[in-house]
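Quick look at my_file_13.pdb (PDB, N, CA and C atoms):
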ATOM      1  N   MET A 188       2.496  39.298  -3.683
ATOM      2  CA  MET A 188       1.447  40.290  -3.558
ATOM      3  C   MET A 188       0.783  40.567  -4.899
ATOM      4  N   LYS A 189       1.603  40.594  -5.943
ATOM      5  CA  LYS A 189       1.090  40.854  -7.283
ATOM      6  C   LYS A 189       0.053  39.807  -7.672
ATOM      7  N   TYR A 190       0.285  38.561  -7.305
ATOM      8  CA  TYR A 190      -0.640  37.484  -7.661
ATOM      9  C   TYR A 190      -1.959  37.586  -6.899
ATOM     10  N   ILE A 191      -1.901  38.083  -5.684
ATOM     11  CA  ILE A 191      -3.127  38.271  -4.904
ATOM     12  C   ILE A 191      -3.995  39.341  -5.556
ATOM     13  N   ILE A 192      -3.372  40.406  -6.001
ATOM     14  CA  ILE A 192      -4.115  41.483  -6.657
ATOM     15  C   ILE A 192      -4.722  40.993  -7.967
ATOM     16  N   ILE A 193      -3.956  40.265  -8.750
ATOM     17  CA  ILE A 193      -4.459  39.726 -10.013
ATOM     18  C   ILE A 193      -5.614  38.765  -9.749
ATOM     19  N   TYR A 194      -5.474  37.908  -8.744
ATOM     20  CA  TYR A 194      -6.526  36.961  -8.361
ATOM     21  C   TYR A 194      -7.817  37.702  -8.017
ATOM     22  N   CYS A 195      -7.705  38.707  -7.170
ATOM     23  CA  CYS A 195      -8.889  39.473  -6.741
ATOM     24  C   CYS A 195      -9.530  40.194  -7.920
ATOM     25  N   LEU A 196      -8.723  40.845  -8.731
ATOM     26  CA  LEU A 196      -9.266  41.548  -9.890
ATOM     27  C   LEU A 196      -9.977  40.593 -10.844
ATOM     28  N   LEU A 197      -9.353  39.472 -11.106
ATOM     29  CA  LEU A 197      -9.929  38.500 -12.032
ATOM     30  C   LEU A 197     -11.270  37.966 -11.526
ATOM     31  N   LEU A 198     -11.329  37.590 -10.256
ATOM     32  CA  LEU A 198     -12.580  37.075  -9.702
ATOM     33  C   LEU A 198     -13.680  38.120  -9.700
ATOM     34  N   ASN A 199     -13.330  39.359  -9.414
ATOM     35  CA  ASN A 199     -14.330  40.412  -9.388
ATOM     36  C   ASN A 199     -14.837  40.752 -10.786
ATOM     37  N   VAL A 200     -13.965  40.739 -11.765
ATOM     38  CA  VAL A 200     -14.392  40.965 -13.153
ATOM     39  C   VAL A 200     -15.308  39.830 -13.608
ATOM     40  N   ILE A 201     -14.941  38.603 -13.293
ATOM     41  CA  ILE A 201     -15.774  37.450 -13.662
ATOM     42  C   ILE A 201     -17.140  37.548 -12.996
ATOM     43  N   SER A 202     -17.178  37.873 -11.723
ATOM     44  CA  SER A 202     -18.453  38.004 -11.008
ATOM     45  C   SER A 202     -19.318  39.092 -11.622
ATOM     46  N   PHE A 203     -18.706  40.210 -11.961
ATOM     47  CA  PHE A 203     -19.430  41.318 -12.580
ATOM     48  C   PHE A 203     -20.027  40.884 -13.918
ATOM     49  N   ILE A 204     -19.227  40.226 -14.733
ATOM     50  CA  ILE A 204     -19.677  39.775 -16.050
ATOM     51  C   ILE A 204     -20.782  38.728 -15.921
ATOM     52  N   LEU A 205     -20.641  37.811 -14.972
ATOM     53  CA  LEU A 205     -21.662  36.771 -14.813
ATOM     54  C   LEU A 205     -23.007  37.338 -14.371
ATOM     55  N   MET A 206     -22.988  38.419 -13.623
ATOM     56  CA  MET A 206     -24.257  39.075 -13.274
ATOM     57  C   MET A 206     -24.932  39.598 -14.538
ATOM     58  N   ARG A 207     -24.167  40.159 -15.427
ATOM     59  CA  ARG A 207     -24.705  40.650 -16.709
ATOM     60  C   ARG A 207     -25.246  39.506 -17.546
ATOM     61  N   VAL A 208     -24.462  38.457 -17.678
ATOM     62  CA  VAL A 208     -24.873  37.302 -18.469
ATOM     63  C   VAL A 208     -26.158  36.698 -17.908
ATOM     64  N   ASP A 209     -26.228  36.548 -16.591
ATOM     65  CA  ASP A 209     -27.415  35.963 -15.982
ATOM     66  C   ASP A 209     -28.634  36.859 -16.176
ATOM     67  N   LYS A 210     -28.454  38.162 -16.113
ATOM     68  CA  LYS A 210     -29.557  39.101 -16.329
ATOM     69  C   LYS A 210     -30.085  38.979 -17.758
ATOM     70  N   ILE A 211     -29.199  38.908 -18.722
ATOM     71  CA  ILE A 211     -29.607  38.759 -20.124
ATOM     72  C   ILE A 211     -30.365  37.453 -20.318
ATOM     73  N   ARG A 212     -29.836  36.374 -19.742
ATOM     74  CA  ARG A 212     -30.495  35.074 -19.873
ATOM     75  C   ARG A 212     -31.858  35.075 -19.180
ATOM     76  N   ALA A 213     -31.976  35.773 -18.078
ATOM     77  CA  ALA A 213     -33.256  35.856 -17.370
ATOM     78  C   ALA A 213     -34.296  36.557 -18.242
ATOM     79  N   LYS A 214     -33.897  37.640 -18.884
ATOM     80  CA  LYS A 214     -34.820  38.375 -19.756
ATOM     81  C   LYS A 214     -35.284  37.528 -20.938
ATOM     82  N   ARG A 215     -34.392  36.687 -21.446
ATOM     83  CA  ARG A 215     -34.703  35.854 -22.608
ATOM     84  C   ARG A 215     -35.383  34.541 -22.227
ATOM     85  N   GLY A 216     -35.470  34.259 -20.948
ATOM     86  CA  GLY A 216     -36.052  32.998 -20.504
ATOM     87  C   GLY A 216     -35.162  31.798 -20.796
ATOM     88  N   GLU A 217     -33.871  32.038 -20.868
ATOM     89  CA  GLU A 217     -32.911  30.979 -21.174
ATOM     90  C   GLU A 217     -32.369  30.336 -19.906
ATOM     91  N   TRP A 218     -31.508  29.332 -20.110
ATOM     92  CA  TRP A 218     -30.821  28.659 -19.013
ATOM     93  C   TRP A 218     -30.046  29.691 -18.222
ATOM     94  N   ARG A 219     -30.099  29.580 -16.899
ATOM     95  CA  ARG A 219     -29.508  30.582 -16.010
ATOM     96  C   ARG A 219     -28.252  30.054 -15.326
ATOM     97  N   ILE A 220     -27.465  30.975 -14.836
ATOM     98  CA  ILE A 220     -26.303  30.638 -14.021
ATOM     99  C   ILE A 220     -26.828  30.317 -12.622
ATOM    100  N   LYS A 221     -26.356  29.233 -12.049
ATOM    101  CA  LYS A 221     -26.827  28.817 -10.729
ATOM    102  C   LYS A 221     -26.451  29.854  -9.676
ATOM    103  N   GLU A 222     -27.386  30.072  -8.756
ATOM    104  CA  GLU A 222     -27.094  30.993  -7.659
ATOM    105  C   GLU A 222     -25.906  30.507  -6.849
ATOM    106  N   ALA A 223     -25.766  29.205  -6.729
ATOM    107  CA  ALA A 223     -24.632  28.639  -5.989
ATOM    108  C   ALA A 223     -23.304  29.065  -6.621
ATOM    109  N   THR A 224     -23.268  29.168  -7.935
ATOM    110  CA  THR A 224     -22.054  29.601  -8.626
ATOM    111  C   THR A 224     -21.748  31.055  -8.292
ATOM    112  N   LEU A 225     -22.774  31.899  -8.295
ATOM    113  CA  LEU A 225     -22.583  33.312  -7.965
ATOM    114  C   LEU A 225     -22.111  33.467  -6.519
ATOM    115  N   TRP A 226     -22.684  32.675  -5.617
ATOM    116  CA  TRP A 226     -22.274  32.715  -4.209
ATOM    117  C   TRP A 226     -20.837  32.222  -4.052
ATOM    118  N   TRP A 227     -20.506  31.139  -4.733
ATOM    119  CA  TRP A 227     -19.157  30.586  -4.639
ATOM    120  C   TRP A 227     -18.124  31.622  -5.073
ATOM    121  N   LEU A 228     -18.395  32.289  -6.213
ATOM    122  CA  LEU A 228     -17.469  33.320  -6.679
ATOM    123  C   LEU A 228     -17.350  34.466  -5.677
ATOM    124  N   ALA A 229     -18.461  34.826  -5.060
ATOM    125  CA  ALA A 229     -18.429  35.902  -4.062
ATOM    126  C   ALA A 229     -17.579  35.500  -2.867
ATOM    127  N   ILE A 230     -17.756  34.296  -2.395
ATOM    128  CA  ILE A 230     -17.049  33.841  -1.198
ATOM    129  C   ILE A 230     -15.550  33.717  -1.422
ATOM    130  N   VAL A 231     -15.141  33.287  -2.603
ATOM    131  CA  VAL A 231     -13.708  33.092  -2.851
ATOM    132  C   VAL A 231     -12.993  34.357  -3.316
ATOM    133  N   GLY A 232     -13.705  35.504  -3.307
ATOM    134  CA  GLY A 232     -13.016  36.753  -3.584
ATOM    135  C   GLY A 232     -13.695  37.709  -4.544
ATOM    136  N   GLY A 233     -14.831  37.330  -5.100
ATOM    137  CA  GLY A 233     -15.463  38.185  -6.105
ATOM    138  C   GLY A 233     -16.720  38.898  -5.649
ATOM    139  N   ALA A 234     -16.863  39.115  -4.363
ATOM    140  CA  ALA A 234     -18.093  39.729  -3.840
ATOM    141  C   ALA A 234     -18.272  41.175  -4.297
ATOM    142  N   LEU A 235     -17.199  41.926  -4.345
ATOM    143  CA  LEU A 235     -17.309  43.323  -4.752
ATOM    144  C   LEU A 235     -17.770  43.431  -6.210
ATOM    145  N   GLY A 236     -17.213  42.622  -7.073
ATOM    146  CA  GLY A 236     -17.637  42.613  -8.475
ATOM    147  C   GLY A 236     -19.066  42.142  -8.632
ATOM    148  N   GLY A 237     -19.449  41.134  -7.850
ATOM    149  CA  GLY A 237     -20.824  40.644  -7.889
ATOM    150  C   GLY A 237     -21.800  41.700  -7.398
ATOM    151  N   PHE A 238     -21.434  42.390  -6.335
ATOM    152  CA  PHE A 238     -22.293  43.452  -5.807
ATOM    153  C   PHE A 238     -22.405  44.600  -6.812
ATOM    154  N   ALA A 239     -21.291  44.964  -7.422
ATOM    155  CA  ALA A 239     -21.320  46.020  -8.445
ATOM    156  C   ALA A 239     -22.207  45.598  -9.619
ATOM    157  N   GLY A 240     -22.102  44.333 -10.018
ATOM    158  CA  GLY A 240     -22.957  43.823 -11.092
ATOM    159  C   GLY A 240     -24.423  43.851 -10.724
ATOM    160  N   MET A 241     -24.727  43.532  -9.471
ATOM    161  CA  MET A 241     -26.109  43.612  -8.994
ATOM    162  C   MET A 241     -26.648  45.023  -9.153
ATOM    163  N   ARG A 242     -25.850  46.000  -8.759
ATOM    164  CA  ARG A 242     -26.292  47.396  -8.788
ATOM    165  C   ARG A 242     -26.381  47.932 -10.221
ATOM    166  N   VAL A 243     -25.362  47.660 -11.016
ATOM    167  CA  VAL A 243     -25.331  48.191 -12.388
ATOM    168  C   VAL A 243     -26.442  47.584 -13.242
ATOM    169  N   TYR A 244     -26.624  46.265 -13.135
ATOM    170  CA  TYR A 244     -27.579  45.565 -13.998
ATOM    171  C   TYR A 244     -28.933  45.328 -13.335
ATOM    172  N   ARG A 245     -29.083  45.808 -12.101
ATOM    173  CA  ARG A 245     -30.327  45.611 -11.343
ATOM    174  C   ARG A 245     -30.748  44.145 -11.368
ATOM    175  N   HIS A 246     -29.812  43.316 -10.981
ATOM    176  CA  HIS A 246     -30.031  41.869 -11.013
ATOM    177  C   HIS A 246     -29.878  41.290  -9.611
ATOM    178  N   LYS A 247     -30.789  40.419  -9.236
ATOM    179  CA  LYS A 247     -30.811  39.755  -7.924
ATOM    180  C   LYS A 247     -31.067  40.748  -6.793
ATOM    181  N   THR A 248     -31.604  41.905  -7.112
ATOM    182  CA  THR A 248     -31.804  42.936  -6.098
ATOM    183  C   THR A 248     -33.040  42.683  -5.238
ATOM    184  N   LYS A 249     -33.899  41.782  -5.640
ATOM    185  CA  LYS A 249     -35.071  41.449  -4.830
ATOM    186  C   LYS A 249     -34.792  40.296  -3.874
ATOM    187  N   HIS A 250     -33.647  39.675  -4.037
ATOM    188  CA  HIS A 250     -33.252  38.569  -3.159
ATOM    189  C   HIS A 250     -32.547  39.156  -1.933
ATOM    190  N   THR A 251     -33.197  39.037  -0.792
ATOM    191  CA  THR A 251     -32.624  39.595   0.438
ATOM    192  C   THR A 251     -31.244  39.011   0.723
ATOM    193  N   SER A 252     -31.079  37.715   0.457
ATOM    194  CA  SER A 252     -29.782  37.094   0.740
ATOM    195  C   SER A 252     -28.671  37.725  -0.098
ATOM    196  N   PHE A 253     -28.972  38.085  -1.334
ATOM    197  CA  PHE A 253     -27.980  38.739  -2.181
ATOM    198  C   PHE A 253     -27.793  40.197  -1.761
ATOM    199  N   LYS A 254     -28.888  40.897  -1.481
ATOM    200  CA  LYS A 254     -28.811  42.315  -1.103
ATOM    201  C   LYS A 254     -27.981  42.527   0.152
ATOM    202  N   ILE A 255     -28.078  41.589   1.080
ATOM    203  CA  ILE A 255     -27.343  41.724   2.336
ATOM    204  C   ILE A 255     -26.018  40.957   2.279
ATOM    205  N   GLY A 256     -26.063  39.760   1.760
ATOM    206  CA  GLY A 256     -24.897  38.881   1.775
ATOM    207  C   GLY A 256     -23.715  39.378   0.974
ATOM    208  N   PHE A 257     -23.951  39.825  -0.249
ATOM    209  CA  PHE A 257     -22.843  40.266  -1.094
ATOM    210  C   PHE A 257     -22.119  41.480  -0.514
ATOM    211  N   PRO A 258     -22.836  42.514  -0.042
ATOM    212  CA  PRO A 258     -22.108  43.640   0.563
ATOM    213  C   PRO A 258     -21.344  43.252   1.826
ATOM    214  N   VAL A 259     -21.925  42.392   2.648
ATOM    215  CA  VAL A 259     -21.244  41.967   3.876
ATOM    216  C   VAL A 259     -19.959  41.215   3.531
ATOM    217  N   ILE A 260     -20.054  40.293   2.589
ATOM    218  CA  ILE A 260     -18.860  39.540   2.171
ATOM    219  C   ILE A 260     -17.835  40.486   1.559
ATOM    220  N   ALA A 261     -18.290  41.436   0.747
ATOM    221  CA  ALA A 261     -17.371  42.392   0.110
ATOM    222  C   ALA A 261     -16.631  43.220   1.162
ATOM    223  N   ILE A 262     -17.337  43.671   2.173
ATOM    224  CA  ILE A 262     -16.698  44.451   3.241
ATOM    225  C   ILE A 262     -15.660  43.608   3.969
ATOM    226  N   LEU A 263     -16.012  42.376   4.292
ATOM    227  CA  LEU A 263     -15.057  41.483   4.955
ATOM    228  C   LEU A 263     -13.828  41.243   4.089
ATOM    229  N   GLN A 264     -14.045  41.054   2.799
ATOM    230  CA  GLN A 264     -12.918  40.840   1.892
ATOM    231  C   GLN A 264     -12.037  42.074   1.789
ATOM    232  N   LEU A 265     -12.635  43.249   1.760
ATOM    233  CA  LEU A 265     -11.843  44.477   1.725
ATOM    234  C   LEU A 265     -11.011  44.640   2.999
ATOM    235  N   ILE A 266     -11.613  44.320   4.128
ATOM    236  CA  ILE A 266     -10.877  44.388   5.400
ATOM    237  C   ILE A 266      -9.692  43.422   5.379
ATOM    238  N   LEU A 267      -9.927  42.187   4.932
ATOM    239  CA  LEU A 267      -8.842  41.207   4.847
ATOM    240  C   LEU A 267      -7.756  41.652   3.874
ATOM    241  N   PHE A 268      -8.164  42.202   2.748
ATOM    242  CA  PHE A 268      -7.220  42.656   1.739
ATOM    243  C   PHE A 268      -6.333  43.766   2.316
ATOM    244  N   ILE A 269      -6.948  44.729   2.985
ATOM    245  CA  ILE A 269      -6.187  45.826   3.602
ATOM    246  C   ILE A 269      -5.263  45.292   4.692
ATOM    247  N   TYR A 270      -5.765  44.353   5.474
ATOM    248  CA  TYR A 270      -4.933  43.744   6.519
ATOM    249  C   TYR A 270      -3.692  43.080   5.927
ATOM    250  N   PHE A 271      -3.888  42.282   4.861
ATOM    251  CA  PHE A 271      -2.745  41.599   4.251
ATOM    252  C   PHE A 271      -1.769  42.566   3.599
ATOM    253  N   ILE A 272      -2.273  43.629   3.017
ATOM    254  CA  ILE A 272      -1.387  44.625   2.432
ATOM    255  C   ILE A 272      -0.539  45.265   3.529
ATOM    256  N   ASN A 273      -1.163  45.574   4.645
ATOM    257  CA  ASN A 273      -0.410  46.176   5.752
ATOM    258  C   ASN A 273       0.606  45.209   6.342
ATOM    259  N   GLN A 274       0.326  43.929   6.347
ATOM    260  CA  GLN A 274       1.248  42.941   6.879
ATOM    261  C   GLN A 274       2.467  42.795   5.968
ATOM    262  N   LEU A 275       2.248  42.932   4.673
ATOM    263  CA  LEU A 275       3.344  42.771   3.721
ATOM    264  C   LEU A 275       4.191  44.041   3.587
ATOM    265  N   ALA A 276       3.636  45.160   3.994
ATOM    266  CA  ALA A 276       4.363  46.435   3.851
ATOM    267  C   ALA A 276       5.414  46.614   4.921
TER     268      ALA A 276
END
Full structure transcribed into structure tokens:
Amino acid sequence: MKYIIIYCLLLNVISFILMRVDKIRAKRGEWRIKEATLWWLAIVGGALGGFAGMRVYRHKTKHTSFKIGFPVIAILQLILFIYFINQLA
């Protein structure tokens, strides 16, 4: 169980940080992080961090797929996380 929590925390922190990095690069007109990378991180467990990064840094908020997709994935992940915690308890 400890490893699942560490995994989730790590992915969410990475997703949050990558939203910041991508926002900075966008402002500077530099090379950007691929949207596919942000989606991949969200799907494998970092949706909540990615969504928080979107809100805090106001990044990708005009993309309907991100505005809807990240919260939906985050909710599903939270439900799964709670389910697994209850199964292990």
Query raised in the report: Contacts of stretch 226-228 of chain A at 7 Å or less, counting all atoms listed in the file, minus same-chain residues fewer than 5 places along, as JSON, numbers by chain?
Result: {"A": [198, 202, 221, 233, 234]}
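For A:Val208, the set of protein, DNA and RNA residues having any atom at most 7 Å away, when counting only N, CA and C atoms and skipping those fewer than 5 positions along the same chain, is Phe203, Ala213 and Ile220 of chain A.
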**Report entry** Interatomic distance (Å, one decimal) between atom CA of A:Phe238 and atom CA of A:Lys214
**Finding:**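 According to the coordinates, atom CA of A:Phe238 and atom CA of A:Lys214 are separated by 19.4 Å.
One finds atom C of A:Glu217 at 25.5 Å from atom N of A:Gly232.
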Report task. For A:Val231, work out the shell of residues within 10 Å, counting only C-alpha atoms and skipping chain neighbours fewer than 6 positions away, then give it as a count of residues only. Result -> 6
Query raised in the report: Interatomic distance between atom N of A:Thr248 and atom C of A:Leu196?
Result: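 Between atom N of A:Thr248 and atom C of A:Leu196 the gap works out to 22.0 Å.
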Extract stretch 252-265 of chain A from the preceding block and save all heavy atoms as a compact mmCIF listing (two decimals), in the first residue's frame.
# COMPACT_ATOMS: atom_id res chain seq x y z
N SER A 252 -10.59 19.56 -24.20
CA SER A 252 -10.23 18.19 -23.84
C SER A 252 -9.51 18.14 -22.50
O SER A 252 -9.72 17.23 -21.70
CB SER A 252 -9.35 17.56 -24.93
OG SER A 252 -8.15 18.28 -25.09
N PHE A 253 -8.68 19.14 -22.22
CA PHE A 253 -7.99 19.19 -20.93
C PHE A 253 -8.96 19.62 -19.82
O PHE A 253 -8.92 19.07 -18.72
CB PHE A 253 -6.81 20.17 -20.99
CG PHE A 253 -5.57 19.58 -21.59
CD1 PHE A 253 -5.37 19.60 -22.96
CD2 PHE A 253 -4.59 19.01 -20.80
CE1 PHE A 253 -4.24 19.07 -23.52
CE2 PHE A 253 -3.44 18.46 -21.35
CZ PHE A 253 -3.27 18.49 -22.72
N LYS A 254 -9.79 20.62 -20.09
CA LYS A 254 -10.72 21.13 -19.08
C LYS A 254 -11.68 20.06 -18.60
O LYS A 254 -12.06 20.03 -17.44
CB LYS A 254 -11.54 22.30 -19.64
CG LYS A 254 -10.86 23.61 -19.59
CD LYS A 254 -11.79 24.79 -19.81
CE LYS A 254 -12.75 24.65 -20.94
NZ LYS A 254 -13.43 25.92 -21.28
N ILE A 255 -12.09 19.19 -19.51
CA ILE A 255 -13.04 18.14 -19.15
C ILE A 255 -12.31 16.83 -18.82
O ILE A 255 -12.63 16.17 -17.83
CB ILE A 255 -14.05 17.91 -20.29
CG1 ILE A 255 -14.91 19.17 -20.46
CG2 ILE A 255 -14.93 16.69 -20.01
CD1 ILE A 255 -15.79 19.16 -21.68
N GLY A 256 -11.34 16.48 -19.62
CA GLY A 256 -10.67 15.20 -19.49
C GLY A 256 -9.90 15.01 -18.20
O GLY A 256 -10.02 13.98 -17.53
N PHE A 257 -9.11 16.00 -17.81
CA PHE A 257 -8.30 15.86 -16.60
C PHE A 257 -9.15 15.71 -15.34
O PHE A 257 -8.89 14.82 -14.53
CB PHE A 257 -7.32 17.04 -16.47
CG PHE A 257 -5.99 16.79 -17.14
CD1 PHE A 257 -5.91 16.32 -18.43
CD2 PHE A 257 -4.81 17.05 -16.46
CE1 PHE A 257 -4.70 16.10 -19.04
CE2 PHE A 257 -3.58 16.83 -17.05
CZ PHE A 257 -3.52 16.35 -18.35
N PRO A 258 -10.20 16.53 -15.16
CA PRO A 258 -11.03 16.32 -13.96
C PRO A 258 -11.75 14.97 -13.96
O PRO A 258 -11.87 14.33 -12.92
CB PRO A 258 -12.04 17.47 -14.01
CG PRO A 258 -11.45 18.48 -14.90
CD PRO A 258 -10.57 17.76 -15.85
N VAL A 259 -12.22 14.53 -15.12
CA VAL A 259 -12.91 13.24 -15.20
C VAL A 259 -11.95 12.11 -14.83
O VAL A 259 -12.29 11.23 -14.02
CB VAL A 259 -13.52 13.01 -16.60
CG1 VAL A 259 -13.97 11.58 -16.78
CG2 VAL A 259 -14.67 13.98 -16.84
N ILE A 260 -10.76 12.15 -15.39
CA ILE A 260 -9.76 11.11 -15.07
C ILE A 260 -9.40 11.18 -13.59
O ILE A 260 -9.25 10.15 -12.92
CB ILE A 260 -8.51 11.25 -15.96
CG1 ILE A 260 -8.87 10.98 -17.41
CG2 ILE A 260 -7.41 10.31 -15.51
CD1 ILE A 260 -7.77 11.35 -18.39
N ALA A 261 -9.24 12.39 -13.06
CA ALA A 261 -8.88 12.56 -11.64
C ALA A 261 -9.97 11.96 -10.74
O ALA A 261 -9.65 11.28 -9.75
CB ALA A 261 -8.66 14.03 -11.32
N ILE A 262 -11.21 12.21 -11.06
CA ILE A 262 -12.31 11.66 -10.26
C ILE A 262 -12.30 10.14 -10.31
O ILE A 262 -12.44 9.47 -9.28
CB ILE A 262 -13.67 12.22 -10.73
CG1 ILE A 262 -13.77 13.70 -10.36
CG2 ILE A 262 -14.84 11.43 -10.15
CD1 ILE A 262 -14.91 14.44 -11.03
N LEU A 263 -12.12 9.58 -11.50
CA LEU A 263 -12.05 8.12 -11.63
C LEU A 263 -10.88 7.55 -10.83
O LEU A 263 -11.01 6.52 -10.17
CB LEU A 263 -11.93 7.72 -13.10
CG LEU A 263 -13.16 7.99 -13.96
CD1 LEU A 263 -12.86 7.71 -15.43
CD2 LEU A 263 -14.34 7.16 -13.48
N GLN A 264 -9.75 8.22 -10.88
CA GLN A 264 -8.59 7.76 -10.12
C GLN A 264 -8.82 7.83 -8.63
O GLN A 264 -8.41 6.93 -7.88
CB GLN A 264 -7.33 8.55 -10.52
CG GLN A 264 -6.84 8.19 -11.90
CD GLN A 264 -5.71 9.06 -12.37
OE1 GLN A 264 -5.31 10.02 -11.73
NE2 GLN A 264 -5.18 8.74 -13.54
N LEU A 265 -9.47 8.88 -8.17
CA LEU A 265 -9.79 8.99 -6.74
C LEU A 265 -10.74 7.88 -6.30
O LEU A 265 -10.57 7.29 -5.23
CB LEU A 265 -10.38 10.36 -6.42
CG LEU A 265 -9.40 11.52 -6.40
CD1 LEU A 265 -10.15 12.84 -6.29
CD2 LEU A 265 -8.41 11.37 -5.27
